[in-house]
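Asker: Quick one, run15.txt (compact mmCIF, C-alpha atoms):
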# COMPACT_ATOMS: atom_id res chain seq x y z
CA MET A 1 16.61 -0.80 -16.31
CA LYS A 2 12.90 -1.53 -16.69
CA THR A 3 11.97 2.02 -15.64
CA LYS A 4 13.38 4.73 -17.88
CA LEU A 5 15.52 7.11 -15.88
CA SER A 6 16.48 10.65 -16.82
CA LYS A 7 20.02 11.60 -17.80
CA GLN A 8 20.63 13.05 -14.33
CA GLU A 9 19.23 9.98 -12.56
CA ILE A 10 21.46 7.67 -14.61
CA LEU A 11 24.59 9.77 -14.05
CA GLU A 12 23.87 9.73 -10.31
CA ARG A 13 24.16 5.95 -10.38
CA VAL A 14 27.31 5.26 -12.48
CA GLY A 15 30.94 6.32 -12.52
CA THR A 16 31.09 6.19 -16.33
CA MET A 17 28.49 5.45 -18.99
CA ALA A 18 30.63 2.54 -20.21
CA GLN A 19 29.25 0.73 -17.17
CA LEU A 20 25.95 0.52 -19.08
CA ALA A 21 26.53 1.13 -22.80
CA GLY A 22 29.39 2.12 -25.06
CA ILE A 23 31.78 1.61 -27.97
CA ARG A 24 35.14 -0.13 -27.87
CA PRO A 25 37.43 0.10 -30.95
CA TYR A 26 40.28 -2.43 -31.14
CA VAL A 27 42.37 -4.60 -33.46
CA LEU A 28 41.80 -8.35 -33.77
CA ARG A 29 44.62 -10.86 -33.34
CA GLU A 30 45.63 -14.23 -34.82
CA GLY A 31 44.70 -16.20 -37.91
CA ARG A 32 42.96 -14.60 -40.87
CA LYS A 33 41.60 -11.85 -38.62
CA ASN A 34 45.03 -10.73 -37.43
CA GLY A 35 45.30 -6.96 -37.83
CA VAL A 36 41.62 -6.36 -38.65
CA SER A 37 40.28 -3.14 -37.13
CA ALA A 38 36.91 -3.58 -35.39
CA ALA A 39 34.58 -1.95 -32.89
CA ASP A 40 32.11 -3.39 -30.37
CA LEU A 41 28.92 -1.51 -29.50
CA TRP A 42 26.56 -2.48 -26.65
CA ASN A 43 23.35 -0.71 -25.65
CA GLY A 44 22.74 -1.66 -22.01
CA SER A 45 19.68 -3.85 -22.57
CA GLY A 46 21.34 -6.87 -24.14
CA LEU A 47 21.90 -5.82 -27.77
CA SER A 48 25.51 -5.81 -28.93
CA MET A 49 27.35 -5.92 -32.24
CA THR A 50 30.81 -6.03 -33.78
CA VAL A 51 31.61 -3.79 -36.76
CA LEU A 52 34.60 -4.60 -38.98
CA SER A 53 36.16 -1.30 -40.06
CA ASP A 54 38.50 -3.12 -42.45
CA ARG A 55 35.53 -4.70 -44.25
CA ALA A 56 33.66 -1.53 -45.35
CA SER A 57 32.31 -1.24 -41.77
CA ASP A 58 30.06 -4.25 -42.25
CA ILE A 59 28.33 -5.63 -39.16
CA TYR A 60 29.99 -8.95 -38.38
CA SER A 61 28.09 -10.24 -35.36
CA VAL A 62 24.92 -9.27 -33.50
CA THR A 63 23.83 -10.86 -30.22
CA TYR A 64 20.87 -10.23 -27.96
CA GLN A 65 21.23 -11.17 -24.29
CA GLY A 66 24.06 -13.53 -25.25
CA ARG A 67 22.20 -15.26 -28.11
CA SER A 68 23.43 -14.89 -31.66
CA LEU A 69 21.03 -13.57 -34.29
CA CYS A 70 23.31 -14.19 -37.26
CA TRP A 71 25.22 -16.91 -39.08
CA LEU A 72 29.03 -16.85 -39.12
CA SER A 73 30.87 -18.89 -41.74
CA GLY A 74 34.05 -20.86 -41.11
CA VAL A 75 36.02 -18.07 -42.82
CA GLY A 76 35.53 -15.84 -39.77
CA ALA A 77 36.38 -12.16 -39.50
CA SER A 78 38.93 -12.33 -42.29
CA GLY A 79 41.02 -9.39 -43.48
CA PRO A 80 40.32 -7.82 -46.89
CA TRP A 81 43.83 -8.78 -48.00
CA PHE A 82 42.60 -12.37 -48.32
CA ALA A 83 40.17 -11.42 -51.10
CA HIS A 84 40.53 -13.41 -54.33
CA ASN A 85 39.82 -12.30 -57.88
CA GLY A 86 37.59 -14.52 -59.97
CA PRO A 87 33.91 -15.01 -60.88
CA PHE A 88 32.89 -16.79 -57.65
CA GLU A 89 35.96 -16.10 -55.49
CA TRP A 90 34.02 -13.66 -53.28
CA ASP A 91 32.80 -16.67 -51.28
CA LYS A 92 36.35 -17.51 -50.21
CA ASN A 93 36.45 -14.39 -48.02
CA PHE A 94 32.79 -14.41 -46.98
CA GLY A 95 32.55 -14.57 -43.21
CA GLY A 96 28.77 -14.46 -43.19
CA GLY A 97 27.87 -12.07 -40.40
CA MET A 98 24.85 -9.91 -39.82
CA LEU A 99 25.61 -7.68 -42.80
CA ALA A 100 27.90 -8.19 -45.78
CA THR A 101 27.48 -5.34 -48.25
CA CYS A 102 27.37 -6.30 -51.95
CA GLY A 103 28.16 -3.65 -54.58
CA LEU A 104 28.77 -0.92 -55.42
CA THR A 105 28.87 -1.08 -59.24
CA THR A 106 27.75 -4.71 -59.45
CA ALA A 107 25.97 -7.15 -57.15
CA GLY A 108 24.57 -10.60 -57.68
CA LEU A 109 25.85 -13.09 -60.25
CA PRO A 110 29.07 -12.59 -62.24
CA SER A 111 28.56 -11.06 -65.68
CA ALA A 112 30.22 -9.18 -68.51
CA ASP A 113 28.82 -5.69 -69.08
CA ALA A 114 30.02 -2.51 -70.82
CA GLY A 115 33.46 -3.97 -71.40
CA GLU A 116 33.95 -5.10 -67.79
CA THR A 117 34.25 -8.59 -66.38
CA LEU A 118 32.30 -8.49 -63.12
CA ASN A 119 32.68 -10.93 -60.25
CA LEU A 120 30.11 -12.15 -57.73
CA HIS A 121 28.80 -9.36 -55.47
CA GLY A 122 31.40 -6.74 -56.35
CA ASP A 123 34.28 -5.16 -54.46
CA ILE A 124 32.95 -3.10 -51.57
CA ALA A 125 32.89 -5.78 -48.83
CA ASN A 126 36.62 -6.33 -49.31
CA LEU A 127 37.65 -2.68 -49.05
CA PRO A 128 38.79 -1.08 -45.77
CA ALA A 129 36.99 1.95 -44.37
CA GLU A 130 38.69 5.16 -43.35
CA GLU A 131 37.74 8.32 -41.45
CA VAL A 132 36.33 6.00 -38.79
CA ASN A 133 34.71 7.84 -35.92
CA CYS A 134 33.12 6.44 -32.74
CA ARG A 135 31.19 8.69 -30.39
CA THR A 136 28.60 8.58 -27.62
CA PHE A 137 26.31 11.48 -26.80
CA TRP A 138 23.18 12.53 -24.96
CA GLU A 139 20.10 13.80 -26.78
CA GLY A 140 17.80 14.89 -24.01
CA ASP A 141 17.42 11.82 -21.79
CA ASP A 142 18.46 9.43 -24.58
CA TYR A 143 22.01 8.09 -24.70
CA TRP A 144 23.23 7.30 -28.22
CA LEU A 145 26.11 5.24 -29.63
CA GLU A 146 27.29 6.21 -33.10
CA TYR A 147 29.85 4.65 -35.44
CA SER A 148 30.63 6.28 -38.80
CA SER A 149 33.13 5.82 -41.62
CA ARG A 150 33.83 6.28 -45.31
CA THR A 151 34.83 3.58 -47.79
CA TYR A 152 36.08 4.54 -51.24
CA GLN A 153 35.66 2.33 -54.29
CA ALA A 154 37.77 3.93 -57.00
CA LYS A 155 39.88 2.90 -60.00
CA PRO A 156 41.75 4.87 -62.66
CA TYR A 157 39.58 5.38 -65.75
CA ALA A 158 36.60 3.85 -63.92
CA GLU A 159 34.30 4.52 -60.95
CA ASN A 160 35.02 6.91 -58.10
CA LEU A 161 32.42 6.19 -55.41
CA CYS A 162 32.28 6.97 -51.70
CA LEU A 163 30.18 4.98 -49.22
CA THR A 164 29.51 7.01 -46.07
CA ARG A 165 28.08 4.75 -43.38
CA GLN A 166 26.50 5.64 -40.05
CA ILE A 167 25.43 2.96 -37.55
CA ARG A 168 23.55 3.96 -34.40
CA MET A 169 22.06 2.37 -31.30
CA ARG A 170 20.20 3.99 -28.41
CA MET A 171 20.54 2.77 -24.86
CA GLY A 172 17.53 0.66 -23.93
CA ASP A 173 16.19 0.49 -27.51
CA ASN A 174 16.75 -2.87 -29.18
CA THR A 175 17.15 -1.47 -32.68
CA ILE A 176 20.20 -0.93 -34.90
CA TYR A 177 19.83 2.07 -37.24
CA LEU A 178 21.92 2.15 -40.44
CA HIS A 179 22.17 5.06 -42.88
CA ASP A 180 24.34 4.75 -45.99
CA ARG A 181 25.07 7.43 -48.55
CA VAL A 182 26.70 6.51 -51.86
CA GLU A 183 28.16 9.46 -53.76
CA ASN A 184 29.61 9.54 -57.27
CA LEU A 185 32.76 11.66 -57.04
CA GLY A 186 33.64 10.98 -60.67
CA PHE A 187 32.65 12.70 -63.89
CA SER A 188 30.82 9.85 -65.64
CA ALA A 189 27.55 8.16 -64.81
CA THR A 190 28.22 4.93 -62.89
CA PRO A 191 26.04 1.84 -62.30
CA LEU A 192 24.87 1.54 -58.69
CA MET A 193 23.93 -1.95 -57.51
CA LEU A 194 23.55 -2.64 -53.80
CA ILE A 195 22.48 -5.70 -51.81
CA TYR A 196 22.38 -5.74 -48.01
CA HIS A 197 23.32 -9.41 -47.53
CA MET A 198 21.90 -9.97 -44.02
CA ASN A 199 22.51 -13.49 -42.74
CA PHE A 200 20.36 -14.94 -39.95
CA GLY A 201 21.36 -18.12 -38.14
CA TYR A 202 20.92 -20.39 -35.13
CA PRO A 203 19.49 -20.16 -32.50
CA LEU A 204 17.06 -17.58 -33.94
CA LEU A 205 16.92 -19.65 -37.12
CA ASP A 206 15.70 -23.14 -36.29
CA GLU A 207 12.95 -25.59 -37.12
CA GLY A 208 9.56 -23.94 -36.72
CA ALA A 209 10.74 -20.34 -37.09
CA LYS A 210 8.48 -18.28 -39.36
CA LEU A 211 9.35 -15.94 -42.23
CA TYR A 212 7.41 -12.82 -43.18
CA LEU A 213 7.81 -10.30 -46.02
CA THR A 214 5.87 -7.36 -47.50
CA TYR A 215 6.13 -7.96 -51.26
CA GLN A 216 4.27 -7.57 -54.55
CA ASP A 217 5.95 -9.93 -57.02
CA ARG A 218 8.22 -12.96 -56.69
CA PHE A 219 10.88 -14.19 -59.13
CA PRO A 220 12.48 -17.58 -58.35
CA THR A 221 16.08 -17.50 -59.57
CA SER A 222 16.47 -21.14 -60.61
CA ASP A 223 14.51 -24.24 -61.58
CA LEU A 224 15.00 -25.51 -58.03
CA ALA A 225 13.61 -22.28 -56.59
CA SER A 226 10.63 -22.46 -58.96
CA GLN A 227 9.91 -26.02 -57.92
CA THR A 228 10.01 -25.16 -54.21
CA VAL A 229 8.00 -21.91 -54.09
CA ASP A 230 5.43 -23.63 -51.90
CA GLN A 231 8.19 -24.30 -49.33
CA ILE A 232 9.66 -20.80 -49.31
CA GLY A 233 8.68 -20.06 -45.71
CA ARG A 234 9.38 -23.50 -44.28
CA VAL A 235 12.35 -23.75 -41.90
CA THR A 236 13.56 -27.34 -41.53
CA PRO A 237 16.38 -28.90 -39.49
CA PRO A 238 19.88 -28.92 -41.06
CA ASP A 239 20.06 -31.29 -44.04
CA ASN A 240 23.28 -31.97 -45.91
CA GLY A 241 21.29 -32.67 -49.07
CA TYR A 242 19.71 -29.22 -49.01
CA ARG A 243 20.68 -27.10 -52.02
CA ALA A 244 20.77 -23.33 -51.70
CA ARG A 245 18.05 -21.39 -53.48
CA ALA A 246 17.04 -17.77 -53.85
CA TYR A 247 13.88 -15.81 -54.59
CA ASN A 248 13.92 -12.20 -55.82
CA HIS A 249 10.98 -9.93 -54.97
CA THR A 250 9.65 -6.46 -55.57
CA VAL A 251 8.51 -4.99 -52.29
CA ARG A 252 5.31 -3.35 -51.10
CA ALA A 253 5.75 -0.20 -49.03
CA ASP A 254 3.52 0.96 -46.20
CA ALA A 255 2.01 4.44 -45.95
CA GLU A 256 5.30 5.82 -44.60
CA GLY A 257 7.38 4.31 -47.42
CA TYR A 258 8.91 1.35 -45.57
CA ALA A 259 9.02 -2.36 -46.39
CA TYR A 260 9.66 -5.17 -43.90
CA ALA A 261 10.97 -8.71 -43.52
CA SER A 262 10.92 -10.74 -40.29
CA LEU A 263 12.19 -14.00 -38.84
CA LEU A 264 10.18 -14.89 -35.74
CA ASN A 265 10.87 -17.82 -33.42
CA GLU A 266 7.89 -18.41 -31.12
CA GLU A 267 9.60 -21.21 -29.19
CA LEU A 268 12.47 -18.89 -28.22
CA GLN A 269 10.08 -15.91 -27.88
CA LEU A 270 12.63 -14.04 -29.98
CA GLY A 271 12.50 -12.42 -33.39
CA ALA A 272 14.09 -9.88 -35.72
CA THR A 273 12.72 -7.52 -38.35
CA VAL A 274 14.57 -5.74 -41.16
CA LYS A 275 12.84 -2.42 -41.90
CA PHE A 276 14.02 -0.46 -44.95
CA ARG A 277 13.13 2.47 -47.20
CA ALA A 278 11.37 1.12 -50.28
CA ASP A 279 12.00 4.18 -52.48
CA THR A 280 15.70 3.32 -52.85
CA LEU A 281 15.60 -0.36 -51.81
CA ASP A 282 12.63 -1.45 -53.90
CA LYS A 283 13.67 -5.09 -54.26
CA PHE A 284 14.38 -7.95 -51.88
CA ASN A 285 16.22 -11.26 -52.14
CA LEU A 286 15.42 -14.24 -49.91
CA TRP A 287 18.33 -16.70 -49.82
CA LYS A 288 17.86 -20.08 -48.12
CA CYS A 289 20.64 -22.54 -47.37
CA LEU A 290 19.60 -25.04 -44.70
CA ARG A 291 22.60 -27.36 -44.99
CA LYS A 292 24.51 -28.74 -42.04
CA ARG A 293 27.01 -26.13 -40.89
CA ASP A 294 25.86 -23.72 -43.62
CA TYR A 295 22.51 -23.18 -41.88
CA VAL A 296 21.45 -19.69 -42.87
CA ILE A 297 18.66 -17.58 -44.31
CA GLY A 298 19.50 -14.30 -45.99
CA LEU A 299 16.98 -11.44 -45.74
CA GLU A 300 18.43 -9.02 -48.29
CA PRO A 301 17.02 -5.58 -49.13
CA CYS A 302 18.44 -4.39 -52.45
CA ASN A 303 18.03 -2.03 -55.40
CA CYS A 304 18.61 -4.79 -57.98
CA ARG A 305 17.84 -8.39 -58.74
CA THR A 306 20.60 -10.97 -58.35
CA TRP A 307 20.80 -11.98 -62.04
CA GLY A 308 23.86 -9.83 -62.86
CA ARG A 309 24.49 -6.37 -64.23
CA ASP A 310 24.23 -7.36 -67.88
CA LYS A 311 20.66 -8.59 -67.43
CA ALA A 312 19.76 -5.57 -65.32
CA ARG A 313 20.88 -3.31 -68.16
CA GLU A 314 19.05 -5.40 -70.78
CA HIS A 315 15.90 -5.30 -68.65
CA GLY A 316 16.11 -1.50 -68.31
CA ASP A 317 16.38 -1.88 -64.54
CA LEU A 318 19.95 -0.72 -63.93
CA VAL A 319 20.24 2.23 -61.53
CA MET A 320 22.77 4.84 -62.66
CA LEU A 321 24.41 7.43 -60.42
CA GLU A 322 25.20 10.66 -62.23
CA PRO A 323 28.38 12.70 -61.55
CA MET A 324 28.25 14.35 -58.10
CA GLU A 325 24.91 12.65 -57.41
CA SER A 326 24.32 10.76 -54.17
CA LYS A 327 21.68 8.31 -52.95
CA ASP A 328 20.71 7.54 -49.37
CA PHE A 329 19.73 4.14 -48.03
CA TYR A 330 18.06 3.56 -44.65
CA LEU A 331 17.41 0.34 -42.81
CA GLU A 332 16.82 -0.87 -39.28
CA LEU A 333 17.33 -4.18 -37.52
CA GLN A 334 14.69 -4.49 -34.80
CA VAL A 335 14.88 -7.21 -32.13
CA HIS A 336 11.63 -8.57 -30.64
CA ASP A 337 11.62 -10.07 -27.16
CA GLY A 338 8.58 -11.90 -25.78
CA ALA A 339 5.20 -13.08 -27.05
CA GLU A 340 3.61 -9.62 -27.26
CA GLU A 341 6.43 -8.13 -29.33
CA LEU A 342 6.29 -11.15 -31.68
CA ARG A 343 2.52 -10.71 -32.04
CA VAL A 344 2.88 -7.03 -32.89
CA ALA A 345 5.62 -7.79 -35.44
CA ALA A 346 3.59 -10.53 -37.15
CA ALA A 347 0.46 -8.34 -37.29
CA ARG A 348 2.18 -6.12 -39.86
CA TYR A 349 1.92 -8.84 -42.49
CA ASP A 350 -0.90 -10.62 -44.36
CA GLY A 351 0.54 -13.92 -43.07
CA CYS A 352 3.80 -15.85 -42.94
CA LEU A 353 5.40 -17.03 -46.18
Can I see the file as structure tokens?

Answerer:
Amino acid sequence: MKTKLSKQEILERVGTMAQLAGIRPYVLREGRKNGVSAADLWNGSGLSMTVLSDRASDIYSVTYQGRSLCWLSGVGASGPWFAHNGPFEWDKNFGGGMLATCGLTTAGLPSADAGETLNLHGDIANLPAEEVNCRTFWEGDDYWLEYSSRTYQAKPYAENLCLTRQIRMRMGDNTIYLHDRVENLGFSATPLMLIYHMNFGYPLLDEGAKLYLTYQDRFPTSDLASQTVDQIGRVTPPDNGYRARAYNHTVRADAEGYAYASLLNEELQLGATVKFRADTLDKFNLWKCLRKRDYVIGLEPCNCRTWGRDKAREHGDLVMLEPMESKDFYLELQVHDGAEELRVAAARYDGCL
């Protein structure tokens, strides 16, 4: 499909559009994934993804022309019923994946704040979505795939939040479009902390791949991170002695209000860019873990730093969502194929990290 055809010309050539692009909802079987509701979306030019409805409609896997763009942990596509309660227990049900949402009332390190004991990265990624809807439709000569859902994070005498998520792809366009709306359905102001934990892995991530980011300020999150700032953009082979490290940033928006982060692999002639609205996602966390088996870099747009809700409140940086107020979050995952697309992507930045 190198030449773009009209709607009529395409329909003349296929019996059903599922021959080219589509959505397939289903239920996974066996092991920790047994009973997990999911949906596959594919766009007809090599981009495909799996969305886990039972995990807040997070994006589990993304492949391009059969090559994975993301890192998957040994946990796999585990059901939310395997979630554990405890400061760092979130990791025990962390399958990696292209997107694991952290939030909604806390994200980052465990902390104690406003009378609450808060665990790592919050609750939302272990809550099942409802009102799931999958549809395909024509818009002129463009064929769209759309997945949408709602996930409710609510407790008696506490928050009552609704995450409405819409994920779209267009046939022939190697971009995933995500729009989230978080609404406070309660009658008290509620903290809103959100991290889009996007996990890139092999083969896109490998020795020699280059990292790019539009940012203003950098905040290493540990002594190790401070000592290795000069190595922040270096991608090395897997090393079992490698210790994970993270770097928080404030982002720099372009004239249209977007910020960007990219991982580009010139040897593969393949790359990916995360594009996001900087008015609501004004911060960014870069997480590096280049260990054997746990070989992953997280490119993570966020509205908070990862130091915990107590420190965010102390710093005067905690976002609050008023009763009946909502906030919208937009991001895109763009896939780059070939030397020219990599060159154009890299030209957006001052240089690699």

Asker: Would you kindly return, as a PyMOL selection string, each protein, DNA or RNA residue with an atom no farther than 7 Å from any atom of Met169 in chain A, considering all atoms listed in the file and excluding same-chain residues fewer than 2 positions away?

Answerer: chain A and resi 43+144-146+171+175-177

Asker: Do you know which residues lie at most 9 Å from (16.6, -4.4, -45.2), with coordinates as in the file and all atoms listed in the file counted, and could you write them as a PyMOL selection string?

Answerer: chain A and resi 195-198+259-261+273-277+281+284+299-302+330-333

Asker: When you draw a straight line from CA of Gly108 in chain A to CA of Gly271 in chain A, how long is it in Å?

Answerer: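 We find that CA of Gly108 in chain A and CA of Gly271 in chain A lie 27.2 Å from each other.
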
Asker: Mind checking which residues fall within 10 Å of Leu353 in chain A, counting only C-alpha atoms, ignoring those fewer than 3 positions away in the same chain, and posting them as a PyMOL selection string?

Answerer: chain A and resi 210-214+229-234+349-350

Asker: For the selection just defined, write its residues with C-alpha atoms to a file, as a short mmCIF file (atom, residue, chain, number, x, y, z; two decimals), in the frame of the given file.

Answerer:
data_model
loop_
_atom_site.label_atom_id
_atom_site.label_comp_id
_atom_site.auth_asym_id
_atom_site.auth_seq_id
_atom_site.Cartn_x
_atom_site.Cartn_y
_atom_site.Cartn_z
CA LYS A 210 8.48 -18.28 -39.36
CA LEU A 211 9.35 -15.94 -42.23
CA TYR A 212 7.41 -12.82 -43.18
CA LEU A 213 7.81 -10.30 -46.02
CA THR A 214 5.87 -7.36 -47.50
CA VAL A 229 8.00 -21.91 -54.09
CA ASP A 230 5.43 -23.63 -51.90
CA GLN A 231 8.19 -24.30 -49.33
CA ILE A 232 9.66 -20.80 -49.31
CA GLY A 233 8.68 -20.06 -45.71
CA ARG A 234 9.38 -23.50 -44.28
CA TYR A 349 1.92 -8.84 -42.49
CA ASP A 350 -0.90 -10.62 -44.36
#

Asker: Tell me which of A:Leu318, A:Val27, A:Met98, A:Cys289 sits closest to Ser48 in chain A, counting only C-alpha atoms.

Answerer: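 Among A:Leu318, A:Val27, A:Met98, A:Cys289, it is A:Met98 that comes nearest to Ser48 in chain A.
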
Asker: Go through A:Cys352, A:Gly186, A:Lys311, A:His336 one by one, measure the shortest atom-to-atom distance of each to Ser111 in chain A using only C-alpha atoms, and give the residue with the smallest value.

Answerer: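 Of the candidates, the smallest distance to Ser111 in chain A is held by A:Lys311.
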
Asker: In Å to one decimal, how far is CA of Gly201 in chain A from CA of Ser68 in chain A?

Answerer: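 For CA of Ser68 in chain A relative to CA of Gly201 in chain A, the distance reads 7.5 Å.
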
Asker: Report the distance between CA of Thr117 in chain A and CA of Ala225 in chain A in Å, rounded to one decimal place.

Answerer: 26.6 Å

Asker: Return the single residue from A:Leu321, A:Leu20, A:Leu127, A:Met193 that is closest to Gly79 in chain A, with distances computed using only C-alpha atoms.

Answerer: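 Checking each candidate against Gly79 in chain A, we get A:Leu127 as the closest.
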
Asker: Show me, as a list of chain:residue names, the residues that have an atom within 12 Å of Ala114 in chain A when counting all atoms listed in the file, minus same-chain residues fewer than 5 positions from it.

Answerer: A:Thr105, A:Thr106, A:Ala158, A:Thr190, A:Pro191, A:Arg309, A:Asp310, A:Lys311, A:Arg313, A:Glu314

Asker: Using all atoms listed in the file, pick whichever of A:Trp287, A:Arg29, A:Arg135, A:Tyr152 has the shortest atom-to-atom distance to Gln166 in chain A.

Answerer: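 Answer, going by the shortest atom-to-atom distance: A:Arg135.
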
Asker: Between A:Leu120, A:Leu185, A:Ala125, A:Leu161, which has the minimum distance to Gly96 in chain A (counting only C-alpha atoms)?

Answerer: A:Ala125

Asker: Between A:Asp123, A:Asp328, A:Glu159, A:Asp173, which has the minimum distance to Tyr143 in chain A (counting all atoms listed in the file)?

Answerer: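 Under the stated criterion, the closest residue is A:Asp173.
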
Asker: Please provide the set of residues having any atom within 9 Å of Arg150 in chain A, restricted to only C-alpha atoms, with same-chain residues fewer than 6 positions apart removed, written as a list in words.

Answerer: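 After dropping sequence-adjacent residues, the list is Ala56, Ser57, Pro128, Ala129, Glu130, Glu131, Val132, Cys162, Leu163, Thr164 and Arg165 of chain A.
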
Asker: Considering all atoms listed in the file, return as a PyMOL selection string whatever protein or nucleic-acid residues lie within 10 Å of Gly338 in chain A, sequence-local ones (same chain, fewer than 5 positions apart) excluded.

Answerer: chain A and resi 265-271+343

Asker: Counting all atoms listed in the file, note down every residue that has an atom within 8 Å of the point (26.2, -14.1, -44.5) (file coordinates), as JSON, numbers by chain.

Answerer: {"A": [70, 71, 72, 73, 94, 95, 96, 97, 98, 99, 100, 197, 198, 199, 200, 296, 298]}

Asker: Those residues with C-alpha atoms, as a PDB file, in the frame of the given file please?

Answerer:
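File written: result-v1.pdb
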ATOM      1  CA  CYS A  70      23.310 -14.190 -37.260  1.00  0.00           C
ATOM      2  CA  TRP A  71      25.220 -16.910 -39.080  1.00  0.00           C
ATOM      3  CA  LEU A  72      29.030 -16.850 -39.120  1.00  0.00           C
ATOM      4  CA  SER A  73      30.870 -18.890 -41.740  1.00  0.00           C
ATOM      5  CA  PHE A  94      32.790 -14.410 -46.980  1.00  0.00           C
ATOM      6  CA  GLY A  95      32.550 -14.570 -43.210  1.00  0.00           C
ATOM      7  CA  GLY A  96      28.770 -14.460 -43.190  1.00  0.00           C
ATOM      8  CA  GLY A  97      27.870 -12.070 -40.400  1.00  0.00           C
ATOM      9  CA  MET A  98      24.850  -9.910 -39.820  1.00  0.00           C
ATOM     10  CA  LEU A  99      25.610  -7.680 -42.800  1.00  0.00           C
ATOM     11  CA  ALA A 100      27.900  -8.190 -45.780  1.00  0.00           C
ATOM     12  CA  HIS A 197      23.320  -9.410 -47.530  1.00  0.00           C
ATOM     13  CA  MET A 198      21.900  -9.970 -44.020  1.00  0.00           C
ATOM     14  CA  ASN A 199      22.510 -13.490 -42.740  1.00  0.00           C
ATOM     15  CA  PHE A 200      20.360 -14.940 -39.950  1.00  0.00           C
ATOM     16  CA  VAL A 296      21.450 -19.690 -42.870  1.00  0.00           C
ATOM     17  CA  GLY A 298      19.500 -14.300 -45.990  1.00  0.00           C
TER      18      GLY A 298
END
